[in-house]
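Source file: model.txt (compact mmCIF, C-alpha atoms and all ligand atoms)
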```
# COMPACT_ATOMS: atom_id res chain seq x y z
CA MET A 14 118.40 89.39 169.10
CA ALA A 15 115.68 87.38 170.66
CA GLY A 16 114.48 87.89 174.18
CA ASN A 17 116.78 87.48 177.12
CA LEU A 18 118.71 84.44 176.01
CA ARG A 19 122.46 84.81 176.22
CA PRO A 20 123.81 84.55 172.68
CA LEU A 21 126.17 81.78 171.65
CA VAL A 22 128.64 82.10 168.78
CA ALA A 23 130.00 78.71 167.78
CA GLY A 24 132.81 78.13 165.28
CA ASN A 25 132.75 74.98 163.15
CA TRP A 26 136.26 74.49 161.83
CA LYS A 27 135.24 71.46 159.75
CA MET A 28 138.28 69.55 158.38
CA ASN A 29 140.65 72.47 158.90
CA GLY A 30 143.40 72.99 161.44
CA LEU A 31 146.74 71.56 162.45
CA LYS A 32 148.67 71.79 165.71
CA ALA A 33 149.88 75.26 164.70
CA SER A 34 146.23 76.40 164.72
CA THR A 35 146.33 76.56 168.50
CA GLU A 36 147.62 80.09 167.83
CA VAL A 37 144.20 81.03 166.48
CA LEU A 38 142.53 79.75 169.64
CA ARG A 39 145.10 81.59 171.73
CA ALA A 40 144.23 84.84 169.92
CA ILE A 41 140.50 84.23 170.46
CA ILE A 42 141.07 83.64 174.17
CA ASN A 43 143.29 86.71 174.52
CA ASP A 44 140.90 89.05 172.71
CA TYR A 45 137.70 87.74 174.31
CA ASP A 46 137.73 90.61 176.74
CA ALA A 47 135.59 90.93 179.84
CA ALA A 48 133.06 93.21 178.12
CA LEU A 49 132.44 90.66 175.36
CA ALA A 50 132.56 87.69 177.72
CA GLY A 51 129.90 89.39 179.81
CA ARG A 52 127.49 89.36 176.87
CA VAL A 53 128.11 86.37 174.59
CA ASP A 54 129.26 82.75 174.92
CA LEU A 55 131.94 81.43 172.58
CA LEU A 56 132.45 77.86 171.46
CA VAL A 57 135.18 76.60 169.12
CA CYS A 58 134.73 73.21 167.42
CA PRO A 59 138.04 72.06 165.90
CA PRO A 60 138.61 68.69 164.22
CA ALA A 61 138.81 65.74 166.62
CA THR A 62 142.61 65.62 166.38
CA LEU A 63 142.81 69.00 168.11
CA LEU A 64 140.15 68.55 170.79
CA THR A 65 142.51 67.74 173.64
CA ALA A 66 145.04 70.44 172.78
CA PHE A 67 142.28 73.04 172.43
CA ALA A 68 140.53 71.96 175.62
CA ASP A 69 143.83 72.12 177.53
CA LEU A 70 144.55 75.59 176.18
CA ALA A 71 141.04 76.85 176.94
CA GLN A 72 141.02 75.49 180.48
CA GLY A 73 140.42 78.29 182.98
CA HIS A 74 139.16 80.60 180.22
CA ARG A 75 135.60 81.24 179.15
CA VAL A 76 135.88 79.89 175.61
CA ALA A 77 134.32 76.42 175.43
CA ILE A 78 135.49 73.67 173.09
CA GLY A 79 133.22 71.33 171.13
CA ALA A 80 133.37 68.51 168.61
CA GLN A 81 131.75 68.37 165.17
CA ASP A 82 130.06 64.98 165.41
CA CYS A 83 129.83 61.93 167.67
CA HIS A 84 128.71 58.32 167.40
CA SER A 85 125.59 57.42 169.34
CA GLU A 86 127.12 54.32 170.97
CA LEU A 87 129.37 54.38 174.04
CA ALA A 88 132.16 52.30 172.53
CA GLY A 89 132.70 49.37 170.18
CA ALA A 90 133.51 48.29 166.64
CA PHE A 91 132.90 51.59 164.85
CA THR A 92 136.12 52.26 162.99
CA GLY A 93 136.92 55.91 162.61
CA ASP A 94 134.12 57.14 164.88
CA ILE A 95 134.38 58.81 168.27
CA SER A 96 131.87 58.58 171.11
CA ALA A 97 130.41 61.44 173.08
CA GLU A 98 132.23 60.06 176.11
CA MET A 99 135.57 60.33 174.28
CA ILE A 100 134.77 63.94 173.43
CA ALA A 101 133.97 64.71 177.05
CA ASP A 102 137.13 62.87 178.11
CA ALA A 103 139.13 65.14 175.80
CA GLY A 104 137.82 68.10 177.80
CA ALA A 105 135.16 69.34 175.39
CA ALA A 106 131.75 70.60 176.49
CA ALA A 107 129.60 70.41 173.36
CA VAL A 108 129.10 68.57 170.08
CA ILE A 109 127.50 69.57 166.77
CA VAL A 110 125.14 66.88 165.46
CA GLY A 111 123.29 66.69 162.15
CA HIS A 112 125.36 69.21 160.22
CA SER A 113 124.18 69.16 156.61
CA GLU A 114 127.62 67.90 155.54
CA ARG A 115 127.00 64.86 157.78
CA ARG A 116 123.39 64.46 156.68
CA ALA A 117 124.32 64.61 152.98
CA GLY A 118 127.86 63.22 152.92
CA HIS A 119 127.41 60.46 155.49
CA GLY A 120 123.74 59.62 154.98
CA GLU A 121 122.70 60.56 158.50
CA SER A 122 118.97 60.42 159.15
CA ASP A 123 116.93 62.42 161.64
CA ALA A 124 116.78 59.28 163.79
CA ASP A 125 120.59 58.98 163.76
CA ILE A 126 120.90 62.61 164.81
CA CYS A 127 118.32 62.19 167.57
CA ALA A 128 120.37 59.27 168.93
CA LYS A 129 123.53 61.39 168.79
CA ALA A 130 121.84 64.21 170.73
CA LYS A 131 120.88 61.69 173.43
CA ALA A 132 124.46 60.38 173.45
CA ALA A 133 125.72 63.92 173.96
CA TRP A 134 123.53 64.33 177.05
CA ARG A 135 124.60 60.89 178.31
CA ALA A 136 128.20 62.17 178.27
CA GLY A 137 127.35 65.53 179.79
CA LEU A 138 127.80 67.46 176.53
CA LEU A 139 125.65 70.19 175.03
CA PRO A 140 124.25 69.00 171.67
CA ILE A 141 123.92 71.56 168.87
CA VAL A 142 121.38 70.08 166.46
CA CYS A 143 121.56 71.42 162.90
CA VAL A 144 118.60 71.69 160.54
CA GLY A 145 118.08 73.41 157.21
CA GLU A 146 116.60 73.12 153.74
CA THR A 147 118.35 72.63 150.41
CA ARG A 148 118.04 75.11 147.56
CA ALA A 149 115.62 72.81 145.74
CA GLN A 150 113.45 72.50 148.84
CA ARG A 151 113.36 76.29 149.28
CA ASP A 152 112.52 76.81 145.61
CA ALA A 153 109.70 74.29 145.97
CA GLY A 154 108.25 76.22 148.93
CA GLN A 155 109.07 73.39 151.35
CA THR A 156 111.37 75.24 153.75
CA LEU A 157 109.13 75.31 156.81
CA ALA A 158 107.88 71.75 156.29
CA VAL A 159 111.46 70.43 155.96
CA VAL A 160 112.83 72.34 158.93
CA GLU A 161 109.87 71.51 161.15
CA ARG A 162 110.19 67.82 160.27
CA GLN A 163 113.92 67.88 161.05
CA VAL A 164 113.31 69.59 164.39
CA ALA A 165 110.49 67.17 165.24
CA GLN A 166 112.56 64.09 164.45
CA SER A 167 116.15 65.15 165.27
CA VAL A 168 115.49 66.76 168.64
CA PRO A 169 114.51 64.16 171.30
CA ASP A 170 111.03 64.23 172.83
CA THR A 171 112.27 64.89 176.34
CA LEU A 172 114.99 67.36 177.20
CA PRO A 173 116.96 66.19 180.23
CA ALA A 174 119.45 69.03 179.71
CA ASP A 175 120.11 72.01 177.50
CA VAL A 176 120.08 71.77 173.71
CA VAL A 177 120.87 74.32 171.01
CA ILE A 178 119.33 74.27 167.52
CA ALA A 179 121.16 75.75 164.53
CA TYR A 180 119.15 76.73 161.46
CA GLU A 181 121.52 76.47 158.52
CA PRO A 182 120.06 76.67 155.02
CA VAL A 183 122.21 74.21 153.08
CA TRP A 184 122.48 76.59 150.12
CA ALA A 185 123.90 79.34 152.37
CA ILE A 186 126.73 77.25 153.80
CA GLY A 187 130.09 78.27 152.40
CA THR A 188 128.51 80.06 149.43
CA GLY A 189 128.49 83.68 150.56
CA LEU A 190 124.70 83.65 150.11
CA THR A 191 122.36 84.39 152.99
CA PRO A 192 118.59 84.38 153.31
CA THR A 193 116.90 87.74 153.82
CA THR A 194 116.36 88.76 157.42
CA GLY A 195 112.66 88.24 156.72
CA ASP A 196 113.30 84.65 155.69
CA VAL A 197 115.42 84.04 158.79
CA ALA A 198 112.70 85.57 160.99
CA GLU A 199 110.07 83.33 159.40
CA VAL A 200 112.03 80.12 160.01
CA HIS A 201 113.26 81.00 163.50
CA GLY A 202 109.76 82.13 164.50
CA ALA A 203 108.33 78.84 163.25
CA ILE A 204 110.96 76.81 165.14
CA ARG A 205 110.27 78.78 168.33
CA ARG A 206 106.52 78.19 168.07
CA GLN A 207 107.13 74.50 167.43
CA LEU A 208 109.42 74.21 170.46
CA VAL A 209 107.01 76.01 172.77
CA ALA A 210 104.13 73.82 171.57
CA ARG A 211 106.22 70.71 172.19
CA TYR A 212 108.15 71.56 175.37
CA GLY A 213 106.21 74.42 176.96
CA GLY A 214 108.38 76.89 178.91
CA GLN A 215 111.52 74.87 178.16
CA GLY A 216 110.98 75.66 174.49
CA GLU A 217 111.34 79.37 175.24
CA SER A 218 114.86 78.94 176.58
CA ILE A 219 116.39 76.89 173.75
CA ARG A 220 118.91 78.99 171.86
CA LEU A 221 118.37 79.13 168.11
CA LEU A 222 121.50 79.87 166.11
CA TYR A 223 121.57 81.04 162.52
CA GLY A 224 124.34 79.57 160.34
CA GLY A 225 125.33 80.02 156.71
CA SER A 226 127.88 82.55 155.42
CA VAL A 227 127.87 84.63 158.61
CA LYS A 228 130.71 87.14 158.49
CA PRO A 229 131.62 90.37 160.27
CA SER A 230 129.80 92.46 157.68
CA ASN A 231 126.40 90.75 158.05
CA ALA A 232 126.50 89.47 161.64
CA ALA A 233 124.82 92.42 163.35
CA GLU A 234 121.92 92.43 160.88
CA LEU A 235 121.34 88.68 161.15
CA MET A 236 121.78 88.61 164.92
CA ALA A 237 119.20 91.39 165.34
CA VAL A 238 116.45 89.15 163.94
CA GLU A 239 113.87 88.02 166.44
CA HIS A 240 114.50 84.51 167.77
CA VAL A 241 118.10 84.47 166.57
CA ASN A 242 120.19 83.74 169.65
CA GLY A 243 123.62 83.52 168.11
CA ALA A 244 125.48 82.07 165.16
CA LEU A 245 127.09 78.88 163.93
CA VAL A 246 130.03 80.05 161.86
CA GLY A 247 132.10 78.01 159.43
CA GLY A 248 134.76 79.69 157.30
CA ALA A 249 134.95 82.96 159.23
CA SER A 250 135.58 81.11 162.50
CA LEU A 251 139.05 80.13 161.28
CA PHE A 252 140.19 83.72 161.78
CA ALA A 253 140.25 85.05 165.33
CA ALA A 254 139.53 88.64 164.33
CA ASP A 255 136.53 87.69 162.18
CA PHE A 256 135.15 85.29 164.77
CA LEU A 257 135.35 87.92 167.49
CA ALA A 258 133.89 90.60 165.20
CA ILE A 259 130.89 88.30 164.65
CA ALA A 260 130.58 87.84 168.40
CA ARG A 261 130.57 91.62 168.82
CA GLY A 262 127.83 91.75 166.20
CA CYS A 263 125.66 89.75 168.60
CA CYS A 264 125.84 92.47 171.20
CA GLY A 265 123.63 94.94 169.40
C1 LIG A 301 128.79 75.73 158.67
O1 LIG A 301 129.47 74.92 158.08
O2 LIG A 301 128.16 75.40 159.67
C2 LIG A 301 128.73 77.10 158.16
C3 LIG A 301 127.78 77.87 158.61
O3 LIG A 301 129.68 77.45 157.22
P1 LIG A 301 129.94 78.93 156.61
O4 LIG A 301 129.86 79.91 157.75
O5 LIG A 301 131.30 78.86 156.03
O6 LIG A 301 128.87 79.17 155.63
```

Would you kindly transcribe this structure into structure tokens?
Ligand code: PEP
Amino acid sequence: MAGNLRPLVAGNWKMNGLKASTEVLRAIINDYDAALAGRVDLLVCPPATLLTAFADLAQGHRVAIGAQDCHSELAGAFTGDISAEMIADAGAAAVIVGHSERRAGHGESDADICAKAKAAWRAGLLPIVCVGETRAQRDAGQTLAVVERQVAQSVPDTLPADVVIAYEPVWAIGTGLTPTTGDVAEVHGAIRRQLVARYGGQGESIRLLYGGSVKPSNAAELMAVEHVNGALVGGASLFAADFLAIARGCCG
């Protein structure tokens, strides 16, 4: 675990979850005991349809609720989209932007993602900006160049509030594959150096999450890597016991 930053474990539920899934959140809240809550932050990002119900259930507890994407505009003729302000109005505190499934499946550019991060701040939300290379880019030796370009262009030049960056190799998402701890250390170290060069002291305090096939069995090893300040978890976050076991893995 890197430095003194308080780890964050965020669950990305993707397009999973119905009203009955509030039971999973209830279990997470109930089992997020004081010892764990004293050491690691938890964030659950359900689909937009469940934001209000989840935020209502989490109210008064220490589990935060986030969305998986937002539009950069305040309001208007954008059928099917939701604004950062709507997410905040639903009671959420954070939003994932630039997930590789949005970059690839919805053609989102670094500039789009940068605008979404600014929209998140405008609405008082914490943006979690995702970056990561494809398998082909890794095989071509382009990992650091790709990730550094994504960080440079997806994270705004000035930071009026907190931001989190999630390094998620595209080939590790949902595949059961993970990079070696050495590979994770190389990328997270490079992102940290880039942030410090760009933002000075502020760059030291930005939490860097690792994401991609994190599960209870590999969480402790991945979370022990320098400059890894938590995890962005997909599939395993749908199960309260697994999600909490990953959170415990952050505690050394
Ligand atoms: C993700 O979608 O952000 C993710 C990391 O998924 P998984 O944990 O299932 O690989």

Next item on the list: Could the residues that lie within 6 Å of ligand LIG 301 (chain A), counting all atoms listed in the file, be listed as a list in words?
Entry: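 The distance check yields Asn25, Ala185, Ile186, Gly187, Gly224, Gly225, Ser226, Val227, Leu245, Val246, Gly247 and Gly248 of chain A.
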
Note to self: Ranking A:Ile219, A:Cys58, A:Ile41, A:Ala88 by minimum distance to A:Lys27 and counting all atoms listed in the file, which one comes first?
What the structure shows: A:Cys58

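Going from atom CA of A:Asn17 to atom CA of A:Ala107 covers 21.7 Å.
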
Notebook entry, point to check: So what do you get for atom CA of A:Gly189 versus atom CA of A:Lys228, distance-wise?
Noted result: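 Between these atoms lies a distance of 8.9 Å.
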
Note to self: Let me make sure I understand: among A:Val159, A:Ala260, A:Ile178, A:Val238, which one has the smallest atom-to-atom distance to A:Gly111 if we use only C-alpha atoms?
What the structure shows: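 Going through A:Val159, A:Ala260, A:Ile178, A:Val238 one by one, the smallest distance to A:Gly111 is for A:Ile178.
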
Item checked: Within 8 Å of A:Ala105 using all atoms listed in the file, minus same-chain residues under 3 positions, as number ranges by chain -> A: 64-65, 68, 77-80, 100-102, 138

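Atom to atom, atom CA of A:Thr92 and atom CA of A:Ala179 stand 27.9 Å apart.
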
Next item on the list: Would you list the residues near (122.3, 71.3, 153.8), meaning any protein, DNA or RNA residue with an atom at most 12 Å from that point in file coordinates, counting all atoms listed in the file, as a PyMOL selection string?
Entry: chain A and resi 111-118+120-121+143-151+156+159-160+163+179-188+224-225

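Minimum atom-to-atom distance to A:Gln166, evaluated using all atoms listed in the file, belongs to A:Ser122 out of A:Ser122, A:Arg206, A:Gly137, A:Val197.
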
Check: Using only C-alpha atoms, which residue out of A:Ser218, A:Gln72, A:Ser230, A:Ser167 lies closest to A:Ala130?
Finding: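 Closest candidate: A:Ser167.
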
Notebook entry, point to check: Which of these, A:Leu87, A:Ala124, A:Ala165, A:Leu55, has the shortest distance to A:Pro20 once you count all atoms listed in the file?
Noted result: A:Leu55

Check: What residues have an atom no more than 12 Å from (122.0, 57.4, 173.1) in the file's own frame, counting all atoms listed in the file, and can you write them as a ChimeraX atom specification?
Finding: /A:83-88,96-98,124-137,140,169

Okay, now the selection with C-alpha atoms, as a compact mmCIF listing (two decimals), keeping the file's coordinate frame?
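Result went into again.txt, see below:
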```txt
# COMPACT_ATOMS: atom_id res chain seq x y z
CA CYS A 83 129.83 61.93 167.67
CA HIS A 84 128.71 58.32 167.40
CA SER A 85 125.59 57.42 169.34
CA GLU A 86 127.12 54.32 170.97
CA LEU A 87 129.37 54.38 174.04
CA ALA A 88 132.16 52.30 172.53
CA SER A 96 131.87 58.58 171.11
CA ALA A 97 130.41 61.44 173.08
CA GLU A 98 132.23 60.06 176.11
CA ALA A 124 116.78 59.28 163.79
CA ASP A 125 120.59 58.98 163.76
CA ILE A 126 120.90 62.61 164.81
CA CYS A 127 118.32 62.19 167.57
CA ALA A 128 120.37 59.27 168.93
CA LYS A 129 123.53 61.39 168.79
CA ALA A 130 121.84 64.21 170.73
CA LYS A 131 120.88 61.69 173.43
CA ALA A 132 124.46 60.38 173.45
CA ALA A 133 125.72 63.92 173.96
CA TRP A 134 123.53 64.33 177.05
CA ARG A 135 124.60 60.89 178.31
CA ALA A 136 128.20 62.17 178.27
CA GLY A 137 127.35 65.53 179.79
CA PRO A 140 124.25 69.00 171.67
CA PRO A 169 114.51 64.16 171.30
```

Notebook entry, point to check: Hey, which of A:Ala198, A:Leu63, A:Val22, A:Val176 ends up closest to A:Ala258? Count only C-alpha atoms.
Noted result: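 Nearest to A:Ala258: A:Val22.
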
How about completing stretch 51-62 of chain A with all heavy atoms and giving it to me as a PDB file, in the frame of the given file?
```
ATOM      1  N   GLY A  51     131.068  89.117 178.987  1.00  0.00           N
ATOM      2  CA  GLY A  51     129.900  89.390 179.810  1.00  0.00           C
ATOM      3  C   GLY A  51     128.600  89.302 179.016  1.00  0.00           C
ATOM      4  O   GLY A  51     127.517  89.277 179.589  1.00  0.00           O
ATOM      5  N   ARG A  52     128.708  89.260 177.680  1.00  0.00           N
ATOM      6  CA  ARG A  52     127.490  89.360 176.870  1.00  0.00           C
ATOM      7  C   ARG A  52     127.253  88.192 175.924  1.00  0.00           C
ATOM      8  O   ARG A  52     126.129  87.999 175.455  1.00  0.00           O
ATOM      9  CB  ARG A  52     127.532  90.655 176.060  1.00  0.00           C
ATOM     10  CG  ARG A  52     127.624  91.863 176.978  1.00  0.00           C
ATOM     11  CD  ARG A  52     127.569  93.156 176.222  1.00  0.00           C
ATOM     12  NE  ARG A  52     126.257  93.347 175.611  1.00  0.00           N
ATOM     13  CZ  ARG A  52     125.937  94.416 174.880  1.00  0.00           C
ATOM     14  NH1 ARG A  52     126.830  95.355 174.678  1.00  0.00           N
ATOM     15  NH2 ARG A  52     124.740  94.541 174.353  1.00  0.00           N
ATOM     16  N   VAL A  53     128.299  87.434 175.585  1.00  0.00           N
ATOM     17  CA  VAL A  53     128.110  86.370 174.590  1.00  0.00           C
ATOM     18  C   VAL A  53     129.012  85.179 174.901  1.00  0.00           C
ATOM     19  O   VAL A  53     130.151  85.361 175.330  1.00  0.00           O
ATOM     20  CB  VAL A  53     128.363  86.929 173.158  1.00  0.00           C
ATOM     21  CG1 VAL A  53     129.666  87.661 173.042  1.00  0.00           C
ATOM     22  CG2 VAL A  53     128.280  85.852 172.091  1.00  0.00           C
ATOM     23  N   ASP A  54     128.467  83.977 174.729  1.00  0.00           N
ATOM     24  CA  ASP A  54     129.260  82.750 174.920  1.00  0.00           C
ATOM     25  C   ASP A  54     129.976  82.411 173.615  1.00  0.00           C
ATOM     26  O   ASP A  54     129.424  82.590 172.532  1.00  0.00           O
ATOM     27  CB  ASP A  54     128.341  81.577 175.278  1.00  0.00           C
ATOM     28  CG  ASP A  54     127.739  81.706 176.663  1.00  0.00           C
ATOM     29  OD1 ASP A  54     128.353  82.371 177.520  1.00  0.00           O
ATOM     30  OD2 ASP A  54     126.642  81.140 176.873  1.00  0.00           O
ATOM     31  N   LEU A  55     131.185  81.876 173.757  1.00  0.00           N
ATOM     32  CA  LEU A  55     131.940  81.430 172.580  1.00  0.00           C
ATOM     33  C   LEU A  55     132.238  79.943 172.680  1.00  0.00           C
ATOM     34  O   LEU A  55     132.553  79.431 173.760  1.00  0.00           O
ATOM     35  CB  LEU A  55     133.293  82.167 172.483  1.00  0.00           C
ATOM     36  CG  LEU A  55     133.312  83.639 172.096  1.00  0.00           C
ATOM     37  CD1 LEU A  55     134.744  84.076 171.827  1.00  0.00           C
ATOM     38  CD2 LEU A  55     132.437  83.920 170.890  1.00  0.00           C
ATOM     39  N   LEU A  56     132.148  79.284 171.548  1.00  0.00           N
ATOM     40  CA  LEU A  56     132.450  77.860 171.460  1.00  0.00           C
ATOM     41  C   LEU A  56     133.262  77.637 170.188  1.00  0.00           C
ATOM     42  O   LEU A  56     132.882  78.133 169.122  1.00  0.00           O
ATOM     43  CB  LEU A  56     131.135  77.057 171.372  1.00  0.00           C
ATOM     44  CG  LEU A  56     131.238  75.566 171.092  1.00  0.00           C
ATOM     45  CD1 LEU A  56     131.797  74.823 172.303  1.00  0.00           C
ATOM     46  CD2 LEU A  56     129.862  74.992 170.733  1.00  0.00           C
ATOM     47  N   VAL A  57     134.349  76.917 170.292  1.00  0.00           N
ATOM     48  CA  VAL A  57     135.180  76.600 169.120  1.00  0.00           C
ATOM     49  C   VAL A  57     135.176  75.089 168.932  1.00  0.00           C
ATOM     50  O   VAL A  57     135.480  74.343 169.875  1.00  0.00           O
ATOM     51  CB  VAL A  57     136.630  77.122 169.306  1.00  0.00           C
ATOM     52  CG1 VAL A  57     137.503  76.715 168.118  1.00  0.00           C
ATOM     53  CG2 VAL A  57     136.628  78.648 169.456  1.00  0.00           C
ATOM     54  N   CYS A  58     134.834  74.644 167.718  1.00  0.00           N
ATOM     55  CA  CYS A  58     134.730  73.210 167.420  1.00  0.00           C
ATOM     56  C   CYS A  58     135.793  72.830 166.387  1.00  0.00           C
ATOM     57  O   CYS A  58     135.540  72.885 165.161  1.00  0.00           O
ATOM     58  CB  CYS A  58     133.343  72.869 166.900  1.00  0.00           C
ATOM     59  SG  CYS A  58     132.018  73.296 168.058  1.00  0.00           S
ATOM     60  N   PRO A  59     136.973  72.449 166.828  1.00  0.00           N
ATOM     61  CA  PRO A  59     138.040  72.060 165.900  1.00  0.00           C
ATOM     62  C   PRO A  59     137.849  70.608 165.463  1.00  0.00           C
ATOM     63  O   PRO A  59     136.975  69.911 165.990  1.00  0.00           O
ATOM     64  CB  PRO A  59     139.292  72.188 166.778  1.00  0.00           C
ATOM     65  CG  PRO A  59     138.803  71.761 168.129  1.00  0.00           C
ATOM     66  CD  PRO A  59     137.369  72.272 168.224  1.00  0.00           C
ATOM     67  N   PRO A  60     138.665  70.123 164.533  1.00  0.00           N
ATOM     68  CA  PRO A  60     138.610  68.690 164.220  1.00  0.00           C
ATOM     69  C   PRO A  60     139.015  67.865 165.447  1.00  0.00           C
ATOM     70  O   PRO A  60     139.677  68.373 166.366  1.00  0.00           O
ATOM     71  CB  PRO A  60     139.621  68.540 163.081  1.00  0.00           C
ATOM     72  CG  PRO A  60     140.454  69.768 163.106  1.00  0.00           C
ATOM     73  CD  PRO A  60     139.645  70.854 163.729  1.00  0.00           C
ATOM     74  N   ALA A  61     138.615  66.601 165.442  1.00  0.00           N
ATOM     75  CA  ALA A  61     138.810  65.740 166.620  1.00  0.00           C
ATOM     76  C   ALA A  61     140.277  65.657 167.038  1.00  0.00           C
ATOM     77  O   ALA A  61     140.587  65.525 168.224  1.00  0.00           O
ATOM     78  CB  ALA A  61     138.257  64.351 166.331  1.00  0.00           C
ATOM     79  N   THR A  62     141.182  65.735 166.063  1.00  0.00           N
ATOM     80  CA  THR A  62     142.610  65.620 166.380  1.00  0.00           C
ATOM     81  C   THR A  62     143.095  66.738 167.293  1.00  0.00           C
ATOM     82  O   THR A  62     144.128  66.594 167.951  1.00  0.00           O
ATOM     83  CB  THR A  62     143.434  65.675 165.084  1.00  0.00           C
ATOM     84  OG1 THR A  62     142.978  66.797 164.311  1.00  0.00           O
ATOM     85  CG2 THR A  62     143.281  64.400 164.281  1.00  0.00           C
TER      86      THR A  62
END
```
